[in-house]
file query-v6.pdb (PDB, N, CA and C atoms and all ligand atoms)
ATOM      1  N   MET A 247      42.344 104.250 152.822  1.00  0.00           N
ATOM      2  CA  MET A 247      43.773 104.119 153.118  1.00  0.00           C
ATOM      3  C   MET A 247      44.462 103.369 151.975  1.00  0.00           C
ATOM      4  N   THR A 248      45.675 103.779 151.719  1.00  0.00           N
ATOM      5  CA  THR A 248      46.434 103.170 150.626  1.00  0.00           C
ATOM      6  C   THR A 248      47.694 102.535 151.183  1.00  0.00           C
ATOM      7  N   ARG A 249      47.933 101.293 150.823  1.00  0.00           N
ATOM      8  CA  ARG A 249      49.151 100.639 151.292  1.00  0.00           C
ATOM      9  C   ARG A 249      50.345 101.162 150.507  1.00  0.00           C
ATOM     10  N   LEU A 250      51.396 101.471 151.232  1.00  0.00           N
ATOM     11  CA  LEU A 250      52.623 101.921 150.585  1.00  0.00           C
ATOM     12  C   LEU A 250      53.562 100.724 150.464  1.00  0.00           C
ATOM     13  N   GLU A 251      53.721 100.252 149.249  1.00  0.00           N
ATOM     14  CA  GLU A 251      54.543  99.059 149.054  1.00  0.00           C
ATOM     15  C   GLU A 251      56.022  99.421 148.989  1.00  0.00           C
ATOM     16  N   ASP A 252      56.834  98.470 149.385  1.00  0.00           N
ATOM     17  CA  ASP A 252      58.289  98.618 149.319  1.00  0.00           C
ATOM     18  C   ASP A 252      58.813  99.723 150.222  1.00  0.00           C
ATOM     19  N   LEU A 253      58.008 100.092 151.224  1.00  0.00           N
ATOM     20  CA  LEU A 253      58.498 101.058 152.203  1.00  0.00           C
ATOM     21  C   LEU A 253      58.560 100.376 153.564  1.00  0.00           C
ATOM     22  N   ARG A 254      59.559 100.760 154.326  1.00  0.00           N
ATOM     23  CA  ARG A 254      59.791 100.133 155.618  1.00  0.00           C
ATOM     24  C   ARG A 254      59.494 101.140 156.725  1.00  0.00           C
ATOM     25  N   CYS A 255      58.773 100.684 157.734  1.00  0.00           N
ATOM     26  CA  CYS A 255      58.514 101.540 158.887  1.00  0.00           C
ATOM     27  C   CYS A 255      59.829 101.851 159.587  1.00  0.00           C
ATOM     28  N   SER A 256      60.060 103.116 159.869  1.00  0.00           N
ATOM     29  CA  SER A 256      61.330 103.501 160.484  1.00  0.00           C
ATOM     30  C   SER A 256      61.343 103.211 161.977  1.00  0.00           C
ATOM     31  N   VAL A 257      60.202 102.852 162.536  1.00  0.00           N
ATOM     32  CA  VAL A 257      60.128 102.571 163.974  1.00  0.00           C
ATOM     33  C   VAL A 257      60.313 101.085 164.246  1.00  0.00           C
ATOM     34  N   CYS A 258      59.489 100.252 163.602  1.00  0.00           N
ATOM     35  CA  CYS A 258      59.561  98.817 163.873  1.00  0.00           C
ATOM     36  C   CYS A 258      60.235  98.044 162.739  1.00  0.00           C
ATOM     37  N   LEU A 259      60.581  98.752 161.656  1.00  0.00           N
ATOM     38  CA  LEU A 259      61.333  98.176 160.537  1.00  0.00           C
ATOM     39  C   LEU A 259      60.566  97.087 159.792  1.00  0.00           C
ATOM     40  N   THR A 260      59.251  97.112 159.903  1.00  0.00           N
ATOM     41  CA  THR A 260      58.446  96.154 159.156  1.00  0.00           C
ATOM     42  C   THR A 260      58.256  96.651 157.721  1.00  0.00           C
ATOM     43  N   LEU A 261      58.457  95.749 156.761  1.00  0.00           N
ATOM     44  CA  LEU A 261      58.299  96.123 155.360  1.00  0.00           C
ATOM     45  C   LEU A 261      56.830  96.028 154.959  1.00  0.00           C
ATOM     46  N   ASP A 262      56.401  96.954 154.122  1.00  0.00           N
ATOM     47  CA  ASP A 262      55.031  96.960 153.588  1.00  0.00           C
ATOM     48  C   ASP A 262      53.960  97.085 154.668  1.00  0.00           C
ATOM     49  N   SER A 263      54.270  97.750 155.764  1.00  0.00           N
ATOM     50  CA  SER A 263      53.287  97.873 156.834  1.00  0.00           C
ATOM     51  C   SER A 263      52.675  99.268 156.879  1.00  0.00           C
ATOM     52  N   LEU A 264      53.122 100.148 155.987  1.00  0.00           N
ATOM     53  CA  LEU A 264      52.676 101.538 156.056  1.00  0.00           C
ATOM     54  C   LEU A 264      51.414 101.763 155.235  1.00  0.00           C
ATOM     55  N   GLN A 265      50.486 102.503 155.839  1.00  0.00           N
ATOM     56  CA  GLN A 265      49.245 102.855 155.175  1.00  0.00           C
ATOM     57  C   GLN A 265      49.178 104.366 155.059  1.00  0.00           C
ATOM     58  N   LEU A 266      48.853 104.844 153.879  1.00  0.00           N
ATOM     59  CA  LEU A 266      48.734 106.280 153.668  1.00  0.00           C
ATOM     60  C   LEU A 266      47.280 106.707 153.787  1.00  0.00           C
ATOM     61  N   ASP A 267      47.023 107.639 154.688  1.00  0.00           N
ATOM     62  CA  ASP A 267      45.723 108.289 154.757  1.00  0.00           C
ATOM     63  C   ASP A 267      45.891 109.657 154.128  1.00  0.00           C
ATOM     64  N   ALA A 268      45.634 109.727 152.822  1.00  0.00           N
ATOM     65  CA  ALA A 268      45.925 110.951 152.078  1.00  0.00           C
ATOM     66  C   ALA A 268      45.062 112.112 152.555  1.00  0.00           C
ATOM     67  N   ARG A 269      43.850 111.804 152.985  1.00  0.00           N
ATOM     68  CA  ARG A 269      42.943 112.876 153.386  1.00  0.00           C
ATOM     69  C   ARG A 269      43.436 113.565 154.650  1.00  0.00           C
ATOM     70  N   ALA A 270      43.999 112.757 155.556  1.00  0.00           N
ATOM     71  CA  ALA A 270      44.517 113.320 156.796  1.00  0.00           C
ATOM     72  C   ALA A 270      45.975 113.746 156.664  1.00  0.00           C
ATOM     73  N   GLY A 271      46.616 113.325 155.563  1.00  0.00           N
ATOM     74  CA  GLY A 271      48.018 113.646 155.382  1.00  0.00           C
ATOM     75  C   GLY A 271      48.907 112.921 156.369  1.00  0.00           C
ATOM     76  N   VAL A 272      48.531 111.662 156.643  1.00  0.00           N
ATOM     77  CA  VAL A 272      49.257 110.902 157.658  1.00  0.00           C
ATOM     78  C   VAL A 272      49.602 109.523 157.110  1.00  0.00           C
ATOM     79  N   VAL A 273      50.801 109.076 157.407  1.00  0.00           N
ATOM     80  CA  VAL A 273      51.169 107.685 157.138  1.00  0.00           C
ATOM     81  C   VAL A 273      51.183 106.948 158.466  1.00  0.00           C
ATOM     82  N   GLU A 274      50.490 105.819 158.510  1.00  0.00           N
ATOM     83  CA  GLU A 274      50.423 105.060 159.753  1.00  0.00           C
ATOM     84  C   GLU A 274      50.935 103.644 159.530  1.00  0.00           C
ATOM     85  N   CYS A 275      51.716 103.158 160.462  1.00  0.00           N
ATOM     86  CA  CYS A 275      52.197 101.780 160.418  1.00  0.00           C
ATOM     87  C   CYS A 275      51.161 100.889 161.085  1.00  0.00           C
ATOM     88  N   GLU A 276      50.668  99.903 160.348  1.00  0.00           N
ATOM     89  CA  GLU A 276      49.654  99.037 160.934  1.00  0.00           C
ATOM     90  C   GLU A 276      50.273  98.008 161.883  1.00  0.00           C
ATOM     91  N   GLU A 277      51.571  97.920 161.865  1.00  0.00           N
ATOM     92  CA  GLU A 277      52.248  96.954 162.735  1.00  0.00           C
ATOM     93  C   GLU A 277      52.444  97.519 164.145  1.00  0.00           C
ATOM     94  N   CYS A 278      52.982  98.746 164.214  1.00  0.00           N
ATOM     95  CA  CYS A 278      53.288  99.305 165.536  1.00  0.00           C
ATOM     96  C   CYS A 278      52.478 100.556 165.843  1.00  0.00           C
ATOM     97  N   GLY A 279      51.728 101.048 164.847  1.00  0.00           N
ATOM     98  CA  GLY A 279      50.856 102.182 165.094  1.00  0.00           C
ATOM     99  C   GLY A 279      51.539 103.529 165.009  1.00  0.00           C
ATOM    100  N   ALA A 280      52.808 103.549 164.597  1.00  0.00           N
ATOM    101  CA  ALA A 280      53.518 104.817 164.478  1.00  0.00           C
ATOM    102  C   ALA A 280      52.912 105.650 163.361  1.00  0.00           C
ATOM    103  N   LYS A 281      52.827 106.946 163.602  1.00  0.00           N
ATOM    104  CA  LYS A 281      52.258 107.845 162.598  1.00  0.00           C
ATOM    105  C   LYS A 281      53.263 108.909 162.215  1.00  0.00           C
ATOM    106  N   ALA A 282      53.213 109.312 160.953  1.00  0.00           N
ATOM    107  CA  ALA A 282      54.076 110.385 160.484  1.00  0.00           C
ATOM    108  C   ALA A 282      53.265 111.278 159.559  1.00  0.00           C
ATOM    109  N   ARG A 283      53.451 112.564 159.707  1.00  0.00           N
ATOM    110  CA  ARG A 283      52.749 113.493 158.819  1.00  0.00           C
ATOM    111  C   ARG A 283      53.473 113.536 157.479  1.00  0.00           C
ATOM    112  N   VAL A 284      52.716 113.616 156.429  1.00  0.00           N
ATOM    113  CA  VAL A 284      53.291 113.750 155.099  1.00  0.00           C
ATOM    114  C   VAL A 284      52.567 114.862 154.362  1.00  0.00           C
ATOM    115  N   VAL A 285      53.249 115.409 153.397  1.00  0.00           N
ATOM    116  CA  VAL A 285      52.617 116.394 152.521  1.00  0.00           C
ATOM    117  C   VAL A 285      52.200 115.676 151.243  1.00  0.00           C
ATOM    118  N   VAL A 286      50.919 115.689 150.981  1.00  0.00           N
ATOM    119  CA  VAL A 286      50.407 115.021 149.785  1.00  0.00           C
ATOM    120  C   VAL A 286      50.023 116.081 148.768  1.00  0.00           C
ATOM    121  N   GLU A 287      50.687 116.052 147.663  1.00  0.00           N
ATOM    122  CA  GLU A 287      50.362 117.022 146.613  1.00  0.00           C
ATOM    123  C   GLU A 287      49.169 116.525 145.817  1.00  0.00           C
ATOM    124  N   THR A 288      48.324 117.431 145.464  1.00  0.00           N
ATOM    125  CA  THR A 288      47.161 117.043 144.677  1.00  0.00           C
ATOM    126  C   THR A 288      47.582 116.685 143.259  1.00  0.00           C
ATOM    127  N   LEU A 289      46.782 115.831 142.649  1.00  0.00           N
ATOM    128  CA  LEU A 289      47.170 115.311 141.342  1.00  0.00           C
ATOM    129  C   LEU A 289      47.022 116.336 140.222  1.00  0.00           C
ATOM    130  N   ASP A 290      46.354 117.444 140.504  1.00  0.00           N
ATOM    131  CA  ASP A 290      46.167 118.408 139.420  1.00  0.00           C
ATOM    132  C   ASP A 290      47.277 119.455 139.387  1.00  0.00           C
ATOM    133  N   THR A 291      48.372 119.173 140.064  1.00  0.00           N
ATOM    134  CA  THR A 291      49.518 120.066 139.963  1.00  0.00           C
ATOM    135  C   THR A 291      50.697 119.298 139.401  1.00  0.00           C
ATOM    136  N   GLY A 292      51.509 119.965 138.658  1.00  0.00           N
ATOM    137  CA  GLY A 292      52.758 119.375 138.216  1.00  0.00           C
ATOM    138  C   GLY A 292      52.671 118.527 136.963  1.00  0.00           C
ATOM    139  N   TRP A 293      51.481 118.316 136.437  1.00  0.00           N
ATOM    140  CA  TRP A 293      51.382 117.499 135.235  1.00  0.00           C
ATOM    141  C   TRP A 293      51.392 118.366 133.987  1.00  0.00           C
ATOM    142  N   GLY A 294      50.622 119.424 134.034  1.00  0.00           N
ATOM    143  CA  GLY A 294      50.733 120.437 132.979  1.00  0.00           C
ATOM    144  C   GLY A 294      50.213 120.057 131.617  1.00  0.00           C
ATOM    145  N   GLY A 295      50.058 118.799 131.316  1.00  0.00           N
ATOM    146  CA  GLY A 295      49.602 118.372 129.986  1.00  0.00           C
ATOM    147  C   GLY A 295      48.156 118.749 129.725  1.00  0.00           C
ATOM    148  N   ARG A 296      47.362 117.920 129.309  1.00  0.00           N
ATOM    149  CA  ARG A 296      45.915 118.035 129.180  1.00  0.00           C
ATOM    150  C   ARG A 296      45.428 119.465 129.096  1.00  0.00           C
TER     151      ARG A 296
HETATM  152 ZN    ZN B 301      55.989 100.332 162.535  1.00  0.00          ZN
END
call {"tool": "encode", "arguments": {"input": "query-v6.pdb", "output": "structure tokens"}}
result
Amino acid sequence: MTRLEDLRCSVCLTLDSLQLDARAGVVECEECGAKARVVVETLDTGWGGR
């Protein structure tokens, strides 16, 4: 899980409480337990360099 800094939970309004589970594509608030689905793009798209 990755902590999402400078983001506020839209349910309980706690700052820095969101954890990203990239594998499940879910953001979960560790304060109130609210979950939201997110679309996580893989890192091998959109860079084009290399
Ligand atoms: Zn919350």
call {"tool": "residues_near_ligand", "arguments": {"input": "query-v6.pdb", "ligand": "ligand ZN 301 (chain B)", "cutoff": "7 Å", "atoms": "only C-alpha atoms and all ligand atoms", "output": "JSON, numbers by chain"}}
result
{"A": [255, 256, 257, 258, 259, 260, 263, 275, 276, 277, 278, 279, 280]}
call {"tool": "write_last_selection", "arguments": {"input": "query-v6.pdb", "atoms": "N, CA and C atoms", "output": "PDB file, in the frame of the given file"}}
result
ATOM      1  N   CYS A 255      58.773 100.684 157.734  1.00  0.00           N
ATOM      2  CA  CYS A 255      58.514 101.540 158.887  1.00  0.00           C
ATOM      3  C   CYS A 255      59.829 101.851 159.587  1.00  0.00           C
ATOM      4  N   SER A 256      60.060 103.116 159.869  1.00  0.00           N
ATOM      5  CA  SER A 256      61.330 103.501 160.484  1.00  0.00           C
ATOM      6  C   SER A 256      61.343 103.211 161.977  1.00  0.00           C
ATOM      7  N   VAL A 257      60.202 102.852 162.536  1.00  0.00           N
ATOM      8  CA  VAL A 257      60.128 102.571 163.974  1.00  0.00           C
ATOM      9  C   VAL A 257      60.313 101.085 164.246  1.00  0.00           C
ATOM     10  N   CYS A 258      59.489 100.252 163.602  1.00  0.00           N
ATOM     11  CA  CYS A 258      59.561  98.817 163.873  1.00  0.00           C
ATOM     12  C   CYS A 258      60.235  98.044 162.739  1.00  0.00           C
ATOM     13  N   LEU A 259      60.581  98.752 161.656  1.00  0.00           N
ATOM     14  CA  LEU A 259      61.333  98.176 160.537  1.00  0.00           C
ATOM     15  C   LEU A 259      60.566  97.087 159.792  1.00  0.00           C
ATOM     16  N   THR A 260      59.251  97.112 159.903  1.00  0.00           N
ATOM     17  CA  THR A 260      58.446  96.154 159.156  1.00  0.00           C
ATOM     18  C   THR A 260      58.256  96.651 157.721  1.00  0.00           C
ATOM     19  N   SER A 263      54.270  97.750 155.764  1.00  0.00           N
ATOM     20  CA  SER A 263      53.287  97.873 156.834  1.00  0.00           C
ATOM     21  C   SER A 263      52.675  99.268 156.879  1.00  0.00           C
ATOM     22  N   CYS A 275      51.716 103.158 160.462  1.00  0.00           N
ATOM     23  CA  CYS A 275      52.197 101.780 160.418  1.00  0.00           C
ATOM     24  C   CYS A 275      51.161 100.889 161.085  1.00  0.00           C
ATOM     25  N   GLU A 276      50.668  99.903 160.348  1.00  0.00           N
ATOM     26  CA  GLU A 276      49.654  99.037 160.934  1.00  0.00           C
ATOM     27  C   GLU A 276      50.273  98.008 161.883  1.00  0.00           C
ATOM     28  N   GLU A 277      51.571  97.920 161.865  1.00  0.00           N
ATOM     29  CA  GLU A 277      52.248  96.954 162.735  1.00  0.00           C
ATOM     30  C   GLU A 277      52.444  97.519 164.145  1.00  0.00           C
ATOM     31  N   CYS A 278      52.982  98.746 164.214  1.00  0.00           N
ATOM     32  CA  CYS A 278      53.288  99.305 165.536  1.00  0.00           C
ATOM     33  C   CYS A 278      52.478 100.556 165.843  1.00  0.00           C
ATOM     34  N   GLY A 279      51.728 101.048 164.847  1.00  0.00           N
ATOM     35  CA  GLY A 279      50.856 102.182 165.094  1.00  0.00           C
ATOM     36  C   GLY A 279      51.539 103.529 165.009  1.00  0.00           C
ATOM     37  N   ALA A 280      52.808 103.549 164.597  1.00  0.00           N
ATOM     38  CA  ALA A 280      53.518 104.817 164.478  1.00  0.00           C
ATOM     39  C   ALA A 280      52.912 105.650 163.361  1.00  0.00           C
TER      40      ALA A 280
END
call {"tool": "resolve_selection", "arguments": {"input": "query-v6.pdb", "expression": "the PyMOL selection byres (((chain A and resi 247 and name CA) around 8) and not hetatm and name CA)", "output": "list in words"}}
result
Thr248, Arg249, Gln265, Leu266, Asp267 and Ala268 of chain A
call {"tool": "residues_near_point", "arguments": {"input": "query-v6.pdb", "point": "(49.3, 109.1, 159.7)", "cutoff": "5 Å", "atoms": "all atoms listed in the file", "output": "JSON, numbers by chain"}}
result
{"A": [272, 273, 274, 281, 282]}
